[in-house]
>>> print(open('query_32.cif').read())   # mmCIF, C-alpha atoms
data_start
loop_
_atom_site.label_atom_id
_atom_site.label_comp_id
_atom_site.auth_asym_id
_atom_site.auth_seq_id
_atom_site.Cartn_x
_atom_site.Cartn_y
_atom_site.Cartn_z
CA MET A 236 38.79 29.88 -57.28
CA PRO A 237 35.71 29.75 -55.01
CA ALA A 238 35.86 31.83 -51.86
CA GLY A 239 36.61 29.77 -48.80
CA SER A 240 38.59 27.20 -50.72
CA THR A 241 42.25 26.27 -50.68
CA GLN A 242 44.17 25.13 -53.74
CA TRP A 243 47.40 23.16 -53.66
CA ILE A 244 49.61 20.78 -55.59
CA PRO A 245 48.61 17.31 -54.30
CA THR A 246 52.03 15.73 -54.57
CA TYR A 247 50.56 12.41 -53.46
CA GLU A 248 47.09 10.83 -53.65
CA ARG A 249 45.89 7.79 -51.72
CA ALA A 250 44.48 5.27 -54.18
CA CYS A 251 40.76 4.72 -53.74
CA MET A 252 37.84 3.93 -56.02
CA PRO A 253 35.70 7.00 -56.80
CA ALA A 254 31.96 7.10 -56.38
CA CYS A 255 29.90 6.92 -59.59
CA LEU A 256 30.08 10.48 -60.91
CA SER A 257 29.33 11.91 -64.33
CA CYS A 258 32.25 13.00 -66.51
CA PRO A 259 34.36 15.04 -66.52
CA MET A 260 35.69 14.04 -63.12
CA PHE A 261 38.97 13.34 -61.36
CA PRO A 262 39.18 10.45 -58.87
CA GLY A 263 40.87 10.67 -55.51
CA LYS A 264 39.58 11.74 -52.10
CA ASP A 265 42.71 11.98 -49.95
CA GLY A 266 45.82 13.92 -50.86
CA ALA A 267 48.76 15.96 -49.61
CA GLY A 268 50.83 18.76 -51.03
CA VAL A 269 51.61 22.48 -50.85
CA VAL A 270 49.16 25.41 -50.89
CA GLU A 271 49.42 27.21 -54.24
CA ALA A 272 46.48 29.64 -54.04
CA LEU A 273 43.89 30.81 -51.53
CA GLY A 274 40.21 31.68 -51.72
CA ALA A 275 39.22 35.16 -50.61
CA LYS A 276 37.85 34.02 -47.25
CA VAL A 277 40.57 31.52 -46.28
CA THR A 278 42.15 32.37 -42.91
CA LYS A 279 43.72 29.13 -41.65
CA PHE A 280 46.43 28.69 -44.29
CA LYS A 281 48.99 30.67 -46.26
CA LEU A 282 50.82 30.08 -49.52
CA GLY A 283 53.47 27.37 -49.24
CA ASP A 284 51.89 25.55 -46.28
CA ARG A 285 52.25 21.76 -46.26
CA VAL A 286 48.77 20.26 -45.96
CA PHE A 287 46.69 17.10 -46.34
CA CYS A 288 43.04 16.83 -47.27
CA SER A 289 40.02 14.57 -47.43
CA ILE A 290 37.46 15.71 -49.99
CA ASN A 291 34.46 14.28 -51.84
CA GLY A 292 33.25 15.43 -55.21
CA ARG A 293 33.77 15.45 -58.95
CA TYR A 294 37.21 17.04 -58.86
CA GLY A 295 39.47 14.93 -56.68
CA THR A 296 43.14 14.68 -55.82
CA LEU A 297 44.41 12.64 -58.77
CA ALA A 298 45.50 15.82 -60.56
CA SER A 299 48.39 18.26 -60.54
CA LEU A 300 46.13 20.95 -59.04
CA THR A 301 42.86 20.67 -57.16
CA SER A 302 40.75 22.76 -54.80
CA ALA A 303 39.07 21.92 -51.52
CA PRO A 304 36.96 23.65 -48.86
CA GLU A 305 39.06 25.07 -46.06
CA THR A 306 37.28 22.76 -43.59
CA ARG A 307 38.62 19.68 -45.41
CA VAL A 308 42.25 20.80 -45.48
CA PHE A 309 44.58 20.24 -42.52
CA PRO A 310 48.18 21.12 -41.60
CA LEU A 311 50.86 18.52 -42.35
CA GLY A 312 53.86 18.80 -40.06
CA GLU A 313 57.45 18.40 -41.22
CA ASN A 314 57.65 15.09 -39.35
CA LEU A 315 55.38 13.46 -41.96
CA SER A 316 56.07 12.97 -45.67
CA PHE A 317 53.59 13.72 -48.44
CA GLU A 318 53.12 9.95 -48.82
CA ASP A 319 52.14 9.87 -45.15
CA GLY A 320 49.84 12.85 -45.56
CA ALA A 321 48.01 11.28 -48.49
CA SER A 322 47.32 8.24 -46.28
CA ILE A 323 45.75 10.08 -43.34
CA GLY A 324 42.30 11.32 -44.41
CA ILE A 325 39.69 8.61 -44.78
CA PRO A 326 41.49 5.91 -42.71
CA TYR A 327 42.17 8.05 -39.63
CA PHE A 328 38.99 10.09 -39.70
CA THR A 329 36.95 6.88 -40.06
CA ALA A 330 38.82 5.18 -37.21
CA CYS A 331 38.32 8.28 -35.07
CA ARG A 332 34.59 8.45 -35.87
CA ALA A 333 34.25 4.75 -35.04
CA LEU A 334 36.24 4.66 -31.80
CA ILE A 335 35.61 8.09 -30.28
CA LEU A 336 32.31 9.39 -31.65
CA LYS A 337 30.42 6.08 -31.95
CA ALA A 338 32.01 3.52 -29.60
CA LYS A 339 32.99 6.16 -27.02
CA ALA A 340 36.07 4.12 -26.17
CA LYS A 341 37.38 4.24 -22.61
CA LYS A 342 40.88 3.55 -21.34
CA GLY A 343 41.38 -0.09 -20.36
CA GLU A 344 38.70 -1.52 -22.65
CA ARG A 345 39.40 -4.43 -24.98
CA LEU A 346 39.26 -3.69 -28.71
CA LEU A 347 39.10 -6.22 -31.55
CA VAL A 348 39.95 -4.82 -34.99
CA HIS A 349 38.48 -7.47 -37.26
CA GLY A 350 40.53 -6.94 -40.42
CA ALA A 351 43.33 -4.78 -39.10
CA SER A 352 45.85 -4.74 -41.96
CA GLY A 353 44.00 -2.23 -44.17
CA GLY A 354 44.17 1.55 -43.92
CA VAL A 355 41.30 2.00 -41.46
CA GLY A 356 42.34 -1.06 -39.44
CA LEU A 357 45.93 0.11 -38.99
CA ALA A 358 44.73 3.61 -38.06
CA ALA A 359 42.40 2.02 -35.49
CA VAL A 360 45.26 0.01 -34.00
CA GLN A 361 47.34 3.16 -33.53
CA MET A 362 44.40 5.14 -32.17
CA GLY A 363 43.42 2.30 -29.85
CA ARG A 364 46.89 2.23 -28.34
CA GLU A 365 46.82 6.01 -27.94
CA LEU A 366 43.46 5.75 -26.12
CA GLY A 367 44.85 3.15 -23.73
CA LEU A 368 42.90 0.17 -25.07
CA HIS A 369 44.05 -3.44 -25.19
CA VAL A 370 44.18 -3.94 -28.96
CA VAL A 371 43.70 -7.30 -30.67
CA GLY A 372 43.80 -7.46 -34.46
CA THR A 373 43.15 -10.01 -37.19
CA ALA A 374 44.65 -10.27 -40.67
CA GLY A 375 44.66 -12.85 -43.46
CA THR A 376 48.31 -13.11 -44.49
CA ASP A 377 51.64 -13.49 -42.74
CA GLU A 378 52.68 -10.08 -44.09
CA GLY A 379 49.50 -8.50 -42.79
CA ILE A 380 49.90 -10.11 -39.38
CA SER A 381 53.48 -8.83 -39.12
CA LEU A 382 52.38 -5.32 -40.10
CA VAL A 383 49.56 -5.23 -37.54
CA LYS A 384 51.99 -6.36 -34.84
CA ALA A 385 54.54 -3.73 -35.89
CA THR A 386 51.81 -1.08 -35.84
CA GLY A 387 51.16 -1.74 -32.17
CA ALA A 388 48.53 -4.46 -31.63
CA HIS A 389 49.03 -6.43 -28.42
CA GLU A 390 47.90 -9.64 -30.15
CA VAL A 391 47.20 -10.61 -33.76
CA PHE A 392 45.39 -13.65 -35.18
CA ASN A 393 44.91 -15.06 -38.67
CA HIS A 394 41.20 -14.84 -39.49
CA ARG A 395 41.65 -17.43 -42.24
CA ASP A 396 42.58 -20.04 -39.66
CA PRO A 397 39.43 -22.15 -39.01
CA LYS A 398 40.30 -22.15 -35.29
CA TYR A 399 40.99 -18.45 -34.92
CA LEU A 400 37.85 -17.77 -32.87
CA LYS A 401 39.04 -20.26 -30.27
CA ASN A 402 42.52 -18.78 -30.43
CA LEU A 403 41.13 -15.37 -29.47
CA GLY A 404 40.82 -16.76 -25.95
CA THR A 405 38.14 -16.66 -23.28
CA GLU A 406 38.20 -12.88 -22.74
CA LYS A 407 35.63 -11.04 -24.80
CA PHE A 408 35.70 -7.51 -26.18
CA ASP A 409 34.14 -4.18 -25.29
CA ILE A 410 34.54 -2.81 -28.82
CA ILE A 411 34.75 -4.60 -32.18
CA LEU A 412 35.60 -2.74 -35.38
CA GLU A 413 34.23 -4.83 -38.23
CA MET A 414 35.56 -4.41 -41.78
CA LEU A 415 33.61 -7.29 -43.41
CA ALA A 416 30.27 -7.54 -41.66
CA ASN A 417 28.64 -9.84 -44.21
CA VAL A 418 31.16 -12.53 -43.20
CA ASN A 419 31.84 -11.81 -39.53
CA LEU A 420 28.94 -9.97 -37.90
CA ASP A 421 27.17 -13.06 -36.54
CA LYS A 422 30.44 -14.17 -34.94
CA ASP A 423 31.07 -10.69 -33.56
CA LEU A 424 27.82 -10.78 -31.59
CA THR A 425 29.15 -13.75 -29.62
CA LEU A 426 32.46 -12.02 -28.82
CA MET A 427 31.17 -8.95 -26.99
CA ASN A 428 31.21 -8.24 -23.28
CA PRO A 429 28.04 -6.92 -21.63
CA ARG A 430 27.29 -3.46 -23.08
CA GLY A 431 29.74 -4.21 -25.88
CA ARG A 432 29.70 -2.23 -29.12
CA THR A 433 30.31 -3.60 -32.61
CA ILE A 434 31.02 -0.82 -35.09
CA VAL A 435 30.46 -1.78 -38.73
CA VAL A 436 32.99 -0.02 -40.95
CA GLY A 437 32.67 -2.25 -44.01
CA SER A 438 30.39 -4.87 -45.58
CA ARG A 439 30.07 -6.43 -49.02
CA GLY A 440 26.63 -7.94 -48.84
CA PRO A 441 23.81 -9.19 -46.57
CA THR A 442 24.21 -11.42 -43.55
CA GLN A 443 22.16 -13.29 -40.96
CA ILE A 444 22.48 -12.77 -37.22
CA ASN A 445 20.88 -14.13 -34.07
CA PRO A 446 19.42 -11.10 -32.23
CA ARG A 447 19.37 -13.04 -28.96
CA ASN A 448 23.14 -12.54 -28.82
CA LEU A 449 22.45 -8.81 -28.57
CA MET A 450 19.68 -9.25 -26.02
CA MET A 451 21.62 -11.40 -23.55
CA SER A 452 24.53 -8.95 -23.31
CA GLU A 453 22.57 -5.75 -24.07
CA SER A 454 25.22 -5.06 -26.66
CA SER A 455 24.80 -2.99 -29.79
CA VAL A 456 25.70 -2.76 -33.48
CA THR A 457 26.30 0.64 -35.04
CA GLY A 458 27.20 1.53 -38.61
CA VAL A 459 29.78 4.15 -39.55
CA ALA A 460 29.91 6.27 -42.70
CA LEU A 461 32.40 9.13 -42.62
CA GLY A 462 30.45 11.09 -45.23
CA THR A 463 27.52 11.55 -42.84
CA SER A 464 29.63 13.65 -40.44
CA THR A 465 28.31 17.10 -39.63
CA GLU A 466 30.59 20.14 -39.78
CA GLU A 467 30.88 20.04 -35.99
CA GLU A 468 31.86 16.37 -36.12
CA TRP A 469 34.43 17.04 -38.86
CA ALA A 470 35.99 19.67 -36.63
CA GLU A 471 36.11 17.23 -33.71
CA LEU A 472 37.62 14.48 -35.85
CA ALA A 473 40.21 16.89 -37.25
CA ALA A 474 41.19 18.04 -33.76
CA HIS A 475 41.95 14.45 -32.69
CA VAL A 476 43.79 13.46 -35.87
CA VAL A 477 45.85 16.63 -36.27
CA ALA A 478 46.85 16.39 -32.60
CA GLY A 479 48.00 12.84 -33.38
CA THR A 480 50.17 14.03 -36.25
CA GLU A 481 51.77 16.56 -33.93
CA SER A 482 52.35 14.18 -31.02
CA GLY A 483 53.61 11.41 -33.28
CA TRP A 484 51.20 8.52 -32.88
CA VAL A 485 49.72 9.01 -36.37
CA LYS A 486 52.12 6.98 -38.53
CA PRO A 487 50.38 5.82 -41.74
CA PRO A 488 51.98 2.64 -43.10
CA VAL A 489 52.59 3.06 -46.85
CA HIS A 490 52.87 -0.24 -48.70
CA LYS A 491 53.60 1.02 -52.22
CA VAL A 492 53.98 4.28 -54.15
CA TYR A 493 52.92 4.47 -57.82
CA SER A 494 53.67 7.04 -60.49
CA LEU A 495 50.80 8.96 -62.09
CA GLU A 496 51.12 6.74 -65.15
CA GLU A 497 50.57 3.73 -62.88
CA ALA A 498 47.36 5.09 -61.29
CA SER A 499 45.15 2.51 -63.00
CA GLN A 500 47.43 -0.24 -61.69
CA ALA A 501 47.01 1.11 -58.16
CA HIS A 502 43.23 0.77 -58.41
CA HIS A 503 43.61 -2.69 -59.95
CA ASP A 504 45.82 -3.77 -57.06
CA ILE A 505 43.27 -2.60 -54.50
CA ILE A 506 40.45 -4.52 -56.14
CA HIS A 507 42.44 -7.72 -56.53
CA SER A 508 44.38 -7.60 -53.26
CA LYS A 509 44.60 -10.93 -51.44
CA GLY A 510 45.43 -9.24 -48.16
CA ALA A 511 45.90 -5.59 -47.24
CA GLN A 512 49.36 -4.44 -46.15
CA GLY A 513 48.92 -0.71 -45.70
CA ASN A 514 48.18 2.21 -48.00
CA LEU A 515 48.76 2.48 -51.75
CA VAL A 516 49.75 5.99 -52.84
CA VAL A 517 49.96 7.66 -56.26
CA ARG A 518 52.68 10.26 -56.78
CA VAL A 519 51.11 13.00 -58.87
CA THR A 520 54.10 15.37 -59.21
CA GLU A 521 57.75 15.29 -58.19
#
>>> encode(input="query_32.cif", output="structure tokens")
Amino acid sequence: MPAGSTQWIPTYERACMPACLSCPMFPGKDGAGVVEALGAKVTKFKLGDRVFCSINGRYGTLASLTSAPETRVFPLGENLSFEDGASIGIPYFTACRALILKAKAKKGERLLVHGASGGVGLAAVQMGRELGLHVVGTAGTDEGISLVKATGAHEVFNHRDPKYLKNLGTEKFDIILEMLANVNLDKDLTLMNPRGRTIVVGSRGPTQINPRNLMMSESSVTGVALGTSTEEEWAELAAHVVAGTESGWVKPPVHKVYSLEEASQAHHDIIHSKGAQGNLVVRVTE
């Protein structure tokens, strides 16, 4: 056990595709469970603590035991289940980095979450409400729309409706969180208020934009990658998210829980999903 690390049983793991790593390796970046052992320099946790984590490396959370640096492990209160805990890491830290560190959201601003029914989108809806923003979301299925509404969005639109841009109304947005920039970014640039900020969280290819739409409003486009966070930024993100778990606004929607034997099916379902409806979680141990 390396000094400064915490080891625990990750009772649940949020399904996600691993980066390309050489074998042997264990997939899984987010997890939750109970502390089973401590590194020599660990001071923030004790044996038996309920925790969640967000880690990156060869040995992930899809295993009965794993280890993680103390700085990537966080307390999980009794008000949240292990399924909830396994759904916090990447979605909530990414939403926090996007809204607070990059967009510098201010109370009363209008937020569009473009693709709000996935893990990051739903976290952003909850965080936006907590920050006092007017939150508008989009989703591509009736189930996704219902979930985004239930999660707290003031308004929700179907982005597969050819007229959805008109349906968004005449009021533009101060912040746009974009989950599929290769499809939507050019449209986003026309939806921003002066000094607006589009934060790119996801993209699956190249796109074309008209830069004049940025010039006329002096708006901006900023990319977000959670893995680029410094240690100081991780600490700031953790402070916001852990405070949210304690106050109650962090409520990760869990769509489905799989057994360990069904882990490959969980990854298959993510890849072939026709519309996100919350988090998919793998139960590693009972």
>>> resolve_selection(input="query_32.cif", expression="the PyMOL selection byres ((chain A and resi 450) around 12)", output="list in words")
Leu424, Thr425, Met427, Asn428, Pro429, Arg430, Gly431, Asn445, Pro446, Arg447, Asn448, Leu449, Met451, Ser452, Glu453, Ser454, Ser455 and Val456 of chain A
>>> closest_residue(input="query_32.cif", among="A:Gly295, A:Pro259, A:Pro397, A:Gly320", to="Val489 of chain A", atoms="all atoms listed in the file")
A:Gly320
>>> atom_distance(input="query_32.cif", atom1="atom CA of His349 of chain A", atom2="atom CA of Ser289 of chain A")
24.3 Å
>>> atom_distance(input="query_32.cif", atom1="atom CA of Arg432 of chain A", atom2="atom CA of Ile410 of chain A")
4.9 Å
>>> residues_around(input="query_32.cif", residues="Ala388 of chain A", least_positions_apart="6", cutoff="8 Å", atoms="only C-alpha atoms", output="CSV table (one decimal) with C-alpha atoms, in the frame of the given file")
chain,number,residue,atom,x,y,z
A,360,VAL,CA,45.3,0.0,-34.0
A,361,GLN,CA,47.3,3.2,-33.5
A,364,ARG,CA,46.9,2.2,-28.3
A,369,HIS,CA,44.0,-3.4,-25.2
A,370,VAL,CA,44.2,-3.9,-29.0
A,371,VAL,CA,43.7,-7.3,-30.7
A,372,GLY,CA,43.8,-7.5,-34.5
>>> atom_distance(input="query_32.cif", atom1="atom CA of Tyr399 of chain A", atom2="atom CA of Lys422 of chain A")
11.4 Å
>>> resolve_selection(input="query_32.cif", expression="the PyMOL selection byres ((chain A and resi 331-346) around 8)", output="mmCIF file with C-alpha atoms, in the coordinates of the input")
data_model
loop_
_atom_site.group_PDB
_atom_site.id
_atom_site.type_symbol
_atom_site.label_atom_id
_atom_site.label_comp_id
_atom_site.auth_asym_id
_atom_site.auth_seq_id
_atom_site.Cartn_x
_atom_site.Cartn_y
_atom_site.Cartn_z
ATOM 1 C CA TYR A 327 42.170 8.050 -39.630
ATOM 2 C CA PHE A 328 38.990 10.090 -39.700
ATOM 3 C CA THR A 329 36.950 6.880 -40.060
ATOM 4 C CA ALA A 330 38.820 5.180 -37.210
ATOM 5 C CA LEU A 347 39.100 -6.220 -31.550
ATOM 6 C CA VAL A 348 39.950 -4.820 -34.990
ATOM 7 C CA ALA A 359 42.400 2.020 -35.490
ATOM 8 C CA MET A 362 44.400 5.140 -32.170
ATOM 9 C CA GLY A 363 43.420 2.300 -29.850
ATOM 10 C CA LEU A 366 43.460 5.750 -26.120
ATOM 11 C CA GLY A 367 44.850 3.150 -23.730
ATOM 12 C CA LEU A 368 42.900 0.170 -25.070
ATOM 13 C CA HIS A 369 44.050 -3.440 -25.190
ATOM 14 C CA VAL A 370 44.180 -3.940 -28.960
ATOM 15 C CA VAL A 371 43.700 -7.300 -30.670
ATOM 16 C CA LYS A 407 35.630 -11.040 -24.800
ATOM 17 C CA PHE A 408 35.700 -7.510 -26.180
ATOM 18 C CA ASP A 409 34.140 -4.180 -25.290
ATOM 19 C CA ILE A 410 34.540 -2.810 -28.820
ATOM 20 C CA ILE A 411 34.750 -4.600 -32.180
ATOM 21 C CA LEU A 412 35.600 -2.740 -35.380
ATOM 22 C CA ARG A 432 29.700 -2.230 -29.120
ATOM 23 C CA THR A 433 30.310 -3.600 -32.610
ATOM 24 C CA ILE A 434 31.020 -0.820 -35.090
ATOM 25 C CA VAL A 436 32.990 -0.020 -40.950
ATOM 26 C CA THR A 457 26.300 0.640 -35.040
ATOM 27 C CA VAL A 459 29.780 4.150 -39.550
ATOM 28 C CA LEU A 461 32.400 9.130 -42.620
ATOM 29 C CA LEU A 472 37.620 14.480 -35.850
ATOM 30 C CA HIS A 475 41.950 14.450 -32.690
ATOM 31 C CA VAL A 476 43.790 13.460 -35.870
#
>>> closest_residue(input="query_32.cif", among="A:Glu390, A:Glu305, A:Glu313, A:Asp377", to="Leu273 of chain A", atoms="only C-alpha atoms")
A:Glu305
>>> residues_around(input="query_32.cif", residues="Asn417 of chain A", least_positions_apart="5", cutoff="7 Å", atoms="all atoms listed in the file", output="JSON, numbers by chain")
{"A": [438, 439, 440, 441, 442]}
>>> residues_around(input="query_32.cif", residues="segment 504-514 of chain A", least_positions_apart="4", cutoff="8 Å", atoms="all atoms listed in the file", output="number ranges by chain")
A: 249-251, 322, 352-354, 357, 374-376, 378-379, 382, 487-491, 500
>>> closest_residue(input="query_32.cif", among="A:Glu481, A:Asp265, A:Glu365, A:Asp421", to="Ile325 of chain A", atoms="all atoms listed in the file")
A:Asp265
>>> resolve_selection(input="query_32.cif", expression="the PyMOL selection byres ((chain A and resi 498) around 12)", output="JSON list (two decimals) with C-alpha atoms, in the coordinates of the input")
[["chain", "number", "residue", "atom", "x", "y", "z"],
["A", 247, "TYR", "CA", 50.56, 12.41, -53.46],
["A", 248, "GLU", "CA", 47.09, 10.83, -53.65],
["A", 249, "ARG", "CA", 45.89, 7.79, -51.72],
["A", 250, "ALA", "CA", 44.48, 5.27, -54.18],
["A", 251, "CYS", "CA", 40.76, 4.72, -53.74],
["A", 252, "MET", "CA", 37.84, 3.93, -56.02],
["A", 261, "PHE", "CA", 38.97, 13.34, -61.36],
["A", 262, "PRO", "CA", 39.18, 10.45, -58.87],
["A", 263, "GLY", "CA", 40.87, 10.67, -55.51],
["A", 296, "THR", "CA", 43.14, 14.68, -55.82],
["A", 297, "LEU", "CA", 44.41, 12.64, -58.77],
["A", 298, "ALA", "CA", 45.50, 15.82, -60.56],
["A", 491, "LYS", "CA", 53.60, 1.02, -52.22],
["A", 492, "VAL", "CA", 53.98, 4.28, -54.15],
["A", 493, "TYR", "CA", 52.92, 4.47, -57.82],
["A", 494, "SER", "CA", 53.67, 7.04, -60.49],
["A", 495, "LEU", "CA", 50.80, 8.96, -62.09],
["A", 496, "GLU", "CA", 51.12, 6.74, -65.15],
["A", 497, "GLU", "CA", 50.57, 3.73, -62.88],
["A", 499, "SER", "CA", 45.15, 2.51, -63.00],
["A", 500, "GLN", "CA", 47.43, -0.24, -61.69],
["A", 501, "ALA", "CA", 47.01, 1.11, -58.16],
["A", 502, "HIS", "CA", 43.23, 0.77, -58.41],
["A", 503, "HIS", "CA", 43.61, -2.69, -59.95],
["A", 504, "ASP", "CA", 45.82, -3.77, -57.06],
["A", 505, "ILE", "CA", 43.27, -2.60, -54.50],
["A", 515, "LEU", "CA", 48.76, 2.48, -51.75],
["A", 516, "VAL", "CA", 49.75, 5.99, -52.84],
["A", 517, "VAL", "CA", 49.96, 7.66, -56.26],
["A", 518, "ARG", "CA", 52.68, 10.26, -56.78],
["A", 519, "VAL", "CA", 51.11, 13.00, -58.87]]
>>> closest_residue(input="query_32.cif", among="A:Ile290, A:Ile323, A:Val277, A:Leu300", to="Thr520 of chain A", atoms="all atoms listed in the file")
A:Leu300
>>> closest_residue(input="query_32.cif", among="A:Arg285, A:Gly483, A:Lys398, A:Arg293", to="Val308 of chain A", atoms="all atoms listed in the file")
A:Arg285
>>> closest_residue(input="query_32.cif", among="A:Ser316, A:Val269, A:Thr373, A:Leu282", to="Asp396 of chain A", atoms="all atoms listed in the file")
A:Thr373
